[in-house]
Amino acid sequence: MQSIICLRCRREIEVGEKSVAVYMFAQTVGVKPRQKSGAQRICFCPQCAVSLAMGLPPEGALNMAAWDMIRDLVSSEPSLNYAAWEGLRSVAGLLGSGEDSPADIRARIRRAG
Ligand SMILES: [Zn+2]
């Protein structure tokens, strides 16, 4: 099975993990025979989806279209925001209370990552 990588942060998204998928395909219009390209799937982890949605509009028509769709998802329901918050919390948890040595923290990040 092909692994999924967040387009923005390059983090691997595991099967069953929360993420946002943007599907894209192209199709000819008014041309016979009608042609349809294969579909592409672009994935974002919840943190990146929320960050993109709350950030400034991107440049380029395709980016803008994707941004609109992601904003639509992020703004309609808090579940993705919650997933992003949980992700952030687990990363912050890895950093510990400040009493661990840097080596302990590195070992923990290695185990988790
Ligand atoms: Zn990401």
# chains A, B, ... in the order shown; residues from 1 in each chain; ligands from 1
>>> closest_atom_pairs(of="chain A", to="ligand 1", cutoff="6 Å", atoms="only C-alpha atoms and all ligand atoms", output="JSON lines")
{"residue": "A:Cys6", "atom": "CA", "partner": "ligand 1", "partner_atom_place_in_ligand_line": "1 (Zn)", "distance": 4.6}
{"residue": "A:Arg8", "atom": "CA", "partner": "ligand 1", "partner_atom_place_in_ligand_line": "1 (Zn)", "distance": 5.1}
{"residue": "A:Cys9", "atom": "CA", "partner": "ligand 1", "partner_atom_place_in_ligand_line": "1 (Zn)", "distance": 4.1}
{"residue": "A:Arg11", "atom": "CA", "partner": "ligand 1", "partner_atom_place_in_ligand_line": "1 (Zn)", "distance": 5.8}
{"residue": "A:Phe44", "atom": "CA", "partner": "ligand 1", "partner_atom_place_in_ligand_line": "1 (Zn)", "distance": 5.2}
{"residue": "A:Cys45", "atom": "CA", "partner": "ligand 1", "partner_atom_place_in_ligand_line": "1 (Zn)", "distance": 4.2}
{"residue": "A:Gln47", "atom": "CA", "partner": "ligand 1", "partner_atom_place_in_ligand_line": "1 (Zn)", "distance": 5.9}
{"residue": "A:Cys48", "atom": "CA", "partner": "ligand 1", "partner_atom_place_in_ligand_line": "1 (Zn)", "distance": 4.3}
>>> write_last_selection(atoms="N, CA and C atoms", output="PDB file, in the first residue's frame")
ATOM      1  N   CYS A   6       1.754  14.255   3.734  1.00  0.00           N
ATOM      2  CA  CYS A   6       1.168  15.596   3.725  1.00  0.00           C
ATOM      3  C   CYS A   6       1.951  16.466   2.747  1.00  0.00           C
ATOM      4  N   ARG A   8       2.207  19.577   2.500  1.00  0.00           N
ATOM      5  CA  ARG A   8       2.798  20.795   3.040  1.00  0.00           C
ATOM      6  C   ARG A   8       3.994  20.508   3.944  1.00  0.00           C
ATOM      7  N   CYS A   9       3.828  19.598   4.915  1.00  0.00           N
ATOM      8  CA  CYS A   9       4.912  19.374   5.888  1.00  0.00           C
ATOM      9  C   CYS A   9       5.670  18.073   5.643  1.00  0.00           C
ATOM     10  N   ARG A  11       4.978  15.165   6.329  1.00  0.00           N
ATOM     11  CA  ARG A  11       4.804  14.166   7.371  1.00  0.00           C
ATOM     12  C   ARG A  11       3.988  13.003   6.807  1.00  0.00           C
ATOM     13  N   PHE A  44      -3.427  16.490   3.119  1.00  0.00           N
ATOM     14  CA  PHE A  44      -2.898  17.394   4.143  1.00  0.00           C
ATOM     15  C   PHE A  44      -3.217  16.823   5.508  1.00  0.00           C
ATOM     16  N   CYS A  45      -2.278  16.935   6.436  1.00  0.00           N
ATOM     17  CA  CYS A  45      -2.560  16.541   7.818  1.00  0.00           C
ATOM     18  C   CYS A  45      -3.471  17.618   8.423  1.00  0.00           C
ATOM     19  N   GLN A  47      -3.219  19.572  10.991  1.00  0.00           N
ATOM     20  CA  GLN A  47      -2.523  20.814  11.358  1.00  0.00           C
ATOM     21  C   GLN A  47      -2.315  21.707  10.142  1.00  0.00           C
ATOM     22  N   CYS A  48      -1.857  21.110   9.048  1.00  0.00           N
ATOM     23  CA  CYS A  48      -1.593  21.896   7.842  1.00  0.00           C
ATOM     24  C   CYS A  48      -2.899  22.393   7.221  1.00  0.00           C
TER      25      CYS A  48
END
>>> residues_around(residues="Met54 in chain A", least_positions_apart="6", cutoff="12 Å", atoms="only C-alpha atoms", output="PyMOL selection string")
chain A and resi 47-48+67-68+70-75+81
>>> write_last_selection(atoms="C-alpha atoms", output="mmCIF file, in the first residue's frame")
data_model
loop_
_atom_site.group_PDB
_atom_site.id
_atom_site.type_symbol
_atom_site.label_atom_id
_atom_site.label_comp_id
_atom_site.auth_asym_id
_atom_site.auth_seq_id
_atom_site.Cartn_x
_atom_site.Cartn_y
_atom_site.Cartn_z
ATOM 1 C CA GLN A 47 -2.523 20.814 11.358
ATOM 2 C CA CYS A 48 -1.593 21.896 7.842
ATOM 3 C CA TRP A 67 -7.663 26.745 -0.435
ATOM 4 C CA ASP A 68 -11.352 27.535 -0.853
ATOM 5 C CA ILE A 70 -10.092 23.382 2.617
ATOM 6 C CA ARG A 71 -11.473 26.577 4.168
ATOM 7 C CA ASP A 72 -14.944 25.262 3.517
ATOM 8 C CA LEU A 73 -14.177 22.063 5.454
ATOM 9 C CA VAL A 74 -12.292 23.696 8.304
ATOM 10 C CA SER A 75 -14.876 26.418 8.853
ATOM 11 C CA ASN A 81 -9.600 21.828 14.264
#
>>> select_by_dssp(residues="chain A", states="strand (DSSP E or B)", output="count of residues only")
17
>>> select_by_dssp(residues="chain A", states="helix (DSSP H, G or I)", output="ChimeraX atom specification")
/A:46-54,61-76,79-94,102-112
>>> residues_around(residues="Glu14 in chain A", least_positions_apart="2", cutoff="9 Å", atoms="only C-alpha atoms", output="list in words")
Ser3, Ile4, Ile5, Glu12, Gly16, Glu17 and Lys18 of chain A
>>> write_last_selection(atoms="N, CA and C atoms", output="CSV table (one decimal), in the first residue's frame")
chain,number,residue,atom,x,y,z
A,3,SER,N,2.2,4.8,0.8
A,3,SER,CA,2.1,5.7,2.0
A,3,SER,C,1.6,7.1,1.5
A,4,ILE,N,0.9,7.8,2.4
A,4,ILE,CA,0.4,9.1,2.1
A,4,ILE,C,1.3,10.1,2.8
A,5,ILE,N,1.6,11.1,2.1
A,5,ILE,CA,2.5,12.2,2.7
A,5,ILE,C,1.8,13.5,2.6
A,12,GLU,N,4.4,11.8,7.2
A,12,GLU,CA,3.6,10.6,6.7
A,12,GLU,C,2.3,10.5,7.5
A,16,GLY,N,-5.9,5.4,8.3
A,16,GLY,CA,-6.9,5.6,9.4
A,16,GLY,C,-6.7,6.9,10.2
A,17,GLU,N,-5.5,7.5,10.0
A,17,GLU,CA,-5.3,8.8,10.6
A,17,GLU,C,-6.1,9.9,10.0
A,18,LYS,N,-6.5,10.9,10.8
A,18,LYS,CA,-7.3,12.0,10.2
A,18,LYS,C,-6.5,12.8,9.3
>>> residues_around(residues="Ile42 in chain A", least_positions_apart="3", cutoff="7 Å", atoms="only C-alpha atoms", output="list in words")
Leu7, Ala21, Val22 and Tyr23 of chain A
>>> write_last_selection(atoms="all heavy atoms", output="PDB file, in the first residue's frame")
ATOM      1  N   LEU A   7       1.243  17.092   1.842  1.00  0.00           N
ATOM      2  CA  LEU A   7       1.891  17.889   0.794  1.00  0.00           C
ATOM      3  C   LEU A   7       2.669  19.063   1.372  1.00  0.00           C
ATOM      4  O   LEU A   7       3.675  19.489   0.815  1.00  0.00           O
ATOM      5  CB  LEU A   7       0.820  18.409  -0.184  1.00  0.00           C
ATOM      6  CG  LEU A   7       1.322  19.206  -1.386  1.00  0.00           C
ATOM      7  CD1 LEU A   7       2.050  18.317  -2.370  1.00  0.00           C
ATOM      8  CD2 LEU A   7       0.178  19.927  -2.078  1.00  0.00           C
ATOM      9  N   ALA A  21      -8.108  15.054   2.120  1.00  0.00           N
ATOM     10  CA  ALA A  21      -7.675  14.654   0.786  1.00  0.00           C
ATOM     11  C   ALA A  21      -8.347  15.557  -0.239  1.00  0.00           C
ATOM     12  O   ALA A  21      -9.554  15.785  -0.179  1.00  0.00           O
ATOM     13  CB  ALA A  21      -8.039  13.199   0.522  1.00  0.00           C
ATOM     14  N   VAL A  22      -7.551  16.087  -1.151  1.00  0.00           N
ATOM     15  CA  VAL A  22      -8.085  16.885  -2.257  1.00  0.00           C
ATOM     16  C   VAL A  22      -7.920  16.038  -3.514  1.00  0.00           C
ATOM     17  O   VAL A  22      -6.812  15.635  -3.850  1.00  0.00           O
ATOM     18  CB  VAL A  22      -7.309  18.220  -2.416  1.00  0.00           C
ATOM     19  CG1 VAL A  22      -7.826  19.001  -3.610  1.00  0.00           C
ATOM     20  CG2 VAL A  22      -7.398  19.049  -1.147  1.00  0.00           C
ATOM     21  N   TYR A  23      -9.026  15.732  -4.167  1.00  0.00           N
ATOM     22  CA  TYR A  23      -8.981  14.928  -5.386  1.00  0.00           C
ATOM     23  C   TYR A  23      -9.064  15.840  -6.595  1.00  0.00           C
ATOM     24  O   TYR A  23      -9.809  16.826  -6.594  1.00  0.00           O
ATOM     25  CB  TYR A  23     -10.144  13.934  -5.425  1.00  0.00           C
ATOM     26  CG  TYR A  23     -10.054  12.891  -4.348  1.00  0.00           C
ATOM     27  CD1 TYR A  23     -10.619  13.120  -3.097  1.00  0.00           C
ATOM     28  CD2 TYR A  23      -9.385  11.697  -4.568  1.00  0.00           C
ATOM     29  CE1 TYR A  23     -10.522  12.164  -2.092  1.00  0.00           C
ATOM     30  CE2 TYR A  23      -9.287  10.740  -3.582  1.00  0.00           C
ATOM     31  CZ  TYR A  23      -9.857  10.971  -2.342  1.00  0.00           C
ATOM     32  OH  TYR A  23      -9.753  10.041  -1.355  1.00  0.00           O
TER      33      TYR A  23
END
>>> atom_distance(atom1="CA of Cys43 in chain A", atom2="CA of Val20 in chain A")
5.6 Å
>>> residues_around(residues="Pro46 in chain A", least_positions_apart="5", cutoff="6 Å", atoms="only C-alpha atoms", output="ChimeraX atom specification")
/A:19,80,84
>>> decode(residues="range 9-53 of chain A", atoms="N, CA and C atoms", output="mmCIF file, in the first residue's frame")
data_model
loop_
_atom_site.group_PDB
_atom_site.id
_atom_site.type_symbol
_atom_site.label_atom_id
_atom_site.label_comp_id
_atom_site.auth_asym_id
_atom_site.auth_seq_id
_atom_site.Cartn_x
_atom_site.Cartn_y
_atom_site.Cartn_z
ATOM 1 N N CYS A 9 3.828 19.598 4.915
ATOM 2 C CA CYS A 9 4.912 19.374 5.888
ATOM 3 C C CYS A 9 5.670 18.073 5.643
ATOM 4 N N ARG A 10 5.260 17.298 4.637
ATOM 5 C CA ARG A 10 5.910 16.044 4.251
ATOM 6 C C ARG A 10 5.824 14.971 5.332
ATOM 7 N N ARG A 11 4.978 15.165 6.329
ATOM 8 C CA ARG A 11 4.804 14.166 7.371
ATOM 9 C C ARG A 11 3.988 13.003 6.807
ATOM 10 N N GLU A 12 4.367 11.808 7.208
ATOM 11 C CA GLU A 12 3.627 10.647 6.728
ATOM 12 C C GLU A 12 2.293 10.547 7.457
ATOM 13 N N ILE A 13 1.232 10.328 6.712
ATOM 14 C CA ILE A 13 -0.097 10.164 7.293
ATOM 15 C C ILE A 13 -0.419 8.682 7.254
ATOM 16 N N GLU A 14 -0.597 8.100 8.442
ATOM 17 C CA GLU A 14 -0.846 6.665 8.504
ATOM 18 C C GLU A 14 -2.288 6.342 8.133
ATOM 19 N N VAL A 15 -2.494 5.094 7.726
ATOM 20 C CA VAL A 15 -3.837 4.640 7.354
ATOM 21 C C VAL A 15 -4.770 4.808 8.554
ATOM 22 N N GLY A 16 -5.907 5.395 8.321
ATOM 23 C CA GLY A 16 -6.876 5.582 9.399
ATOM 24 C C GLY A 16 -6.668 6.862 10.190
ATOM 25 N N GLU A 17 -5.526 7.537 9.952
ATOM 26 C CA GLU A 17 -5.270 8.799 10.626
ATOM 27 C C GLU A 17 -6.112 9.896 9.972
ATOM 28 N N LYS A 18 -6.490 10.889 10.759
ATOM 29 C CA LYS A 18 -7.296 11.980 10.214
ATOM 30 C C LYS A 18 -6.461 12.809 9.253
ATOM 31 N N SER A 19 -7.077 13.168 8.134
ATOM 32 C CA SER A 19 -6.387 14.010 7.154
ATOM 33 C C SER A 19 -7.425 14.599 6.204
ATOM 34 N N VAL A 20 -6.961 15.480 5.343
ATOM 35 C CA VAL A 20 -7.834 16.042 4.312
ATOM 36 C C VAL A 20 -7.269 15.616 2.962
ATOM 37 N N ALA A 21 -8.108 15.054 2.120
ATOM 38 C CA ALA A 21 -7.675 14.654 0.786
ATOM 39 C C ALA A 21 -8.347 15.557 -0.239
ATOM 40 N N VAL A 22 -7.551 16.087 -1.151
ATOM 41 C CA VAL A 22 -8.085 16.885 -2.257
ATOM 42 C C VAL A 22 -7.920 16.038 -3.514
ATOM 43 N N TYR A 23 -9.026 15.732 -4.167
ATOM 44 C CA TYR A 23 -8.981 14.928 -5.386
ATOM 45 C C TYR A 23 -9.064 15.840 -6.595
ATOM 46 N N MET A 24 -8.311 15.495 -7.605
ATOM 47 C CA MET A 24 -8.263 16.354 -8.774
ATOM 48 C C MET A 24 -8.175 15.499 -10.035
ATOM 49 N N PHE A 25 -8.991 15.837 -11.013
ATOM 50 C CA PHE A 25 -8.827 15.215 -12.320
ATOM 51 C C PHE A 25 -9.205 16.231 -13.387
ATOM 52 N N ALA A 26 -8.758 15.993 -14.596
ATOM 53 C CA ALA A 26 -9.058 16.898 -15.702
ATOM 54 C C ALA A 26 -9.863 16.155 -16.751
ATOM 55 N N GLN A 27 -10.714 16.912 -17.435
ATOM 56 C CA GLN A 27 -11.597 16.305 -18.425
ATOM 57 C C GLN A 27 -11.753 17.278 -19.583
ATOM 58 N N THR A 28 -11.758 16.756 -20.792
ATOM 59 C CA THR A 28 -11.963 17.642 -21.940
ATOM 60 C C THR A 28 -13.445 17.986 -22.044
ATOM 61 N N VAL A 29 -13.703 19.187 -22.537
ATOM 62 C CA VAL A 29 -15.085 19.642 -22.703
ATOM 63 C C VAL A 29 -15.271 20.059 -24.153
ATOM 64 N N GLY A 30 -16.339 19.596 -24.759
ATOM 65 C CA GLY A 30 -16.648 19.967 -26.146
ATOM 66 C C GLY A 30 -15.739 19.312 -27.160
ATOM 67 N N VAL A 31 -15.012 18.299 -26.764
ATOM 68 C CA VAL A 31 -14.114 17.589 -27.665
ATOM 69 C C VAL A 31 -14.532 16.130 -27.681
ATOM 70 N N LYS A 32 -14.618 15.571 -28.890
ATOM 71 C CA LYS A 32 -14.979 14.157 -28.959
ATOM 72 C C LYS A 32 -13.812 13.346 -29.469
ATOM 73 N N PRO A 33 -13.493 12.179 -28.956
ATOM 74 C CA PRO A 33 -14.126 11.624 -27.746
ATOM 75 C C PRO A 33 -13.708 12.386 -26.487
ATOM 76 N N ARG A 34 -14.600 12.375 -25.537
ATOM 77 C CA ARG A 34 -14.301 13.044 -24.283
ATOM 78 C C ARG A 34 -13.179 12.291 -23.566
ATOM 79 N N GLN A 35 -12.221 13.043 -23.096
ATOM 80 C CA GLN A 35 -11.095 12.421 -22.402
ATOM 81 C C GLN A 35 -11.093 12.819 -20.945
ATOM 82 N N LYS A 36 -10.646 11.896 -20.135
ATOM 83 C CA LYS A 36 -10.592 12.123 -18.708
ATOM 84 C C LYS A 36 -9.235 11.660 -18.210
ATOM 85 N N SER A 37 -8.563 12.504 -17.474
ATOM 86 C CA SER A 37 -7.254 12.118 -16.938
ATOM 87 C C SER A 37 -7.440 11.213 -15.729
ATOM 88 N N GLY A 38 -6.384 10.598 -15.305
ATOM 89 C CA GLY A 38 -6.411 9.873 -14.039
ATOM 90 C C GLY A 38 -6.593 10.874 -12.914
ATOM 91 N N ALA A 39 -7.072 10.395 -11.770
ATOM 92 C CA ALA A 39 -7.291 11.290 -10.629
ATOM 93 C C ALA A 39 -6.044 11.339 -9.758
ATOM 94 N N GLN A 40 -5.781 12.506 -9.231
ATOM 95 C CA GLN A 40 -4.676 12.692 -8.294
ATOM 96 C C GLN A 40 -5.260 12.951 -6.918
ATOM 97 N N ARG A 41 -4.591 12.449 -5.916
ATOM 98 C CA ARG A 41 -5.032 12.732 -4.563
ATOM 99 C C ARG A 41 -3.918 13.460 -3.823
ATOM 100 N N ILE A 42 -4.267 14.617 -3.287
ATOM 101 C CA ILE A 42 -3.323 15.428 -2.528
ATOM 102 C C ILE A 42 -3.811 15.427 -1.081
ATOM 103 N N CYS A 43 -2.900 15.140 -0.155
ATOM 104 C CA CYS A 43 -3.319 15.029 1.241
ATOM 105 C C CYS A 43 -2.658 16.072 2.129
ATOM 106 N N PHE A 44 -3.427 16.490 3.119
ATOM 107 C CA PHE A 44 -2.898 17.394 4.143
ATOM 108 C C PHE A 44 -3.217 16.823 5.508
ATOM 109 N N CYS A 45 -2.278 16.935 6.436
ATOM 110 C CA CYS A 45 -2.560 16.541 7.818
ATOM 111 C C CYS A 45 -3.471 17.618 8.423
ATOM 112 N N PRO A 46 -4.174 17.315 9.525
ATOM 113 C CA PRO A 46 -5.101 18.305 10.089
ATOM 114 C C PRO A 46 -4.429 19.637 10.436
ATOM 115 N N GLN A 47 -3.219 19.572 10.991
ATOM 116 C CA GLN A 47 -2.523 20.814 11.358
ATOM 117 C C GLN A 47 -2.315 21.707 10.142
ATOM 118 N N CYS A 48 -1.857 21.110 9.048
ATOM 119 C CA CYS A 48 -1.593 21.896 7.842
ATOM 120 C C CYS A 48 -2.899 22.393 7.221
ATOM 121 N N ALA A 49 -3.945 21.565 7.252
ATOM 122 C CA ALA A 49 -5.230 21.981 6.683
ATOM 123 C C ALA A 49 -5.764 23.202 7.428
ATOM 124 N N VAL A 50 -5.702 23.127 8.761
ATOM 125 C CA VAL A 50 -6.210 24.244 9.566
ATOM 126 C C VAL A 50 -5.336 25.475 9.364
ATOM 127 N N SER A 51 -4.034 25.245 9.354
ATOM 128 C CA SER A 51 -3.100 26.351 9.176
ATOM 129 C C SER A 51 -3.288 27.028 7.810
ATOM 130 N N LEU A 52 -3.491 26.215 6.782
ATOM 131 C CA LEU A 52 -3.728 26.771 5.439
ATOM 132 C C LEU A 52 -5.031 27.568 5.406
ATOM 133 N N ALA A 53 -6.068 26.970 6.004
ATOM 134 C CA ALA A 53 -7.386 27.600 5.966
ATOM 135 C C ALA A 53 -7.377 28.945 6.690
#
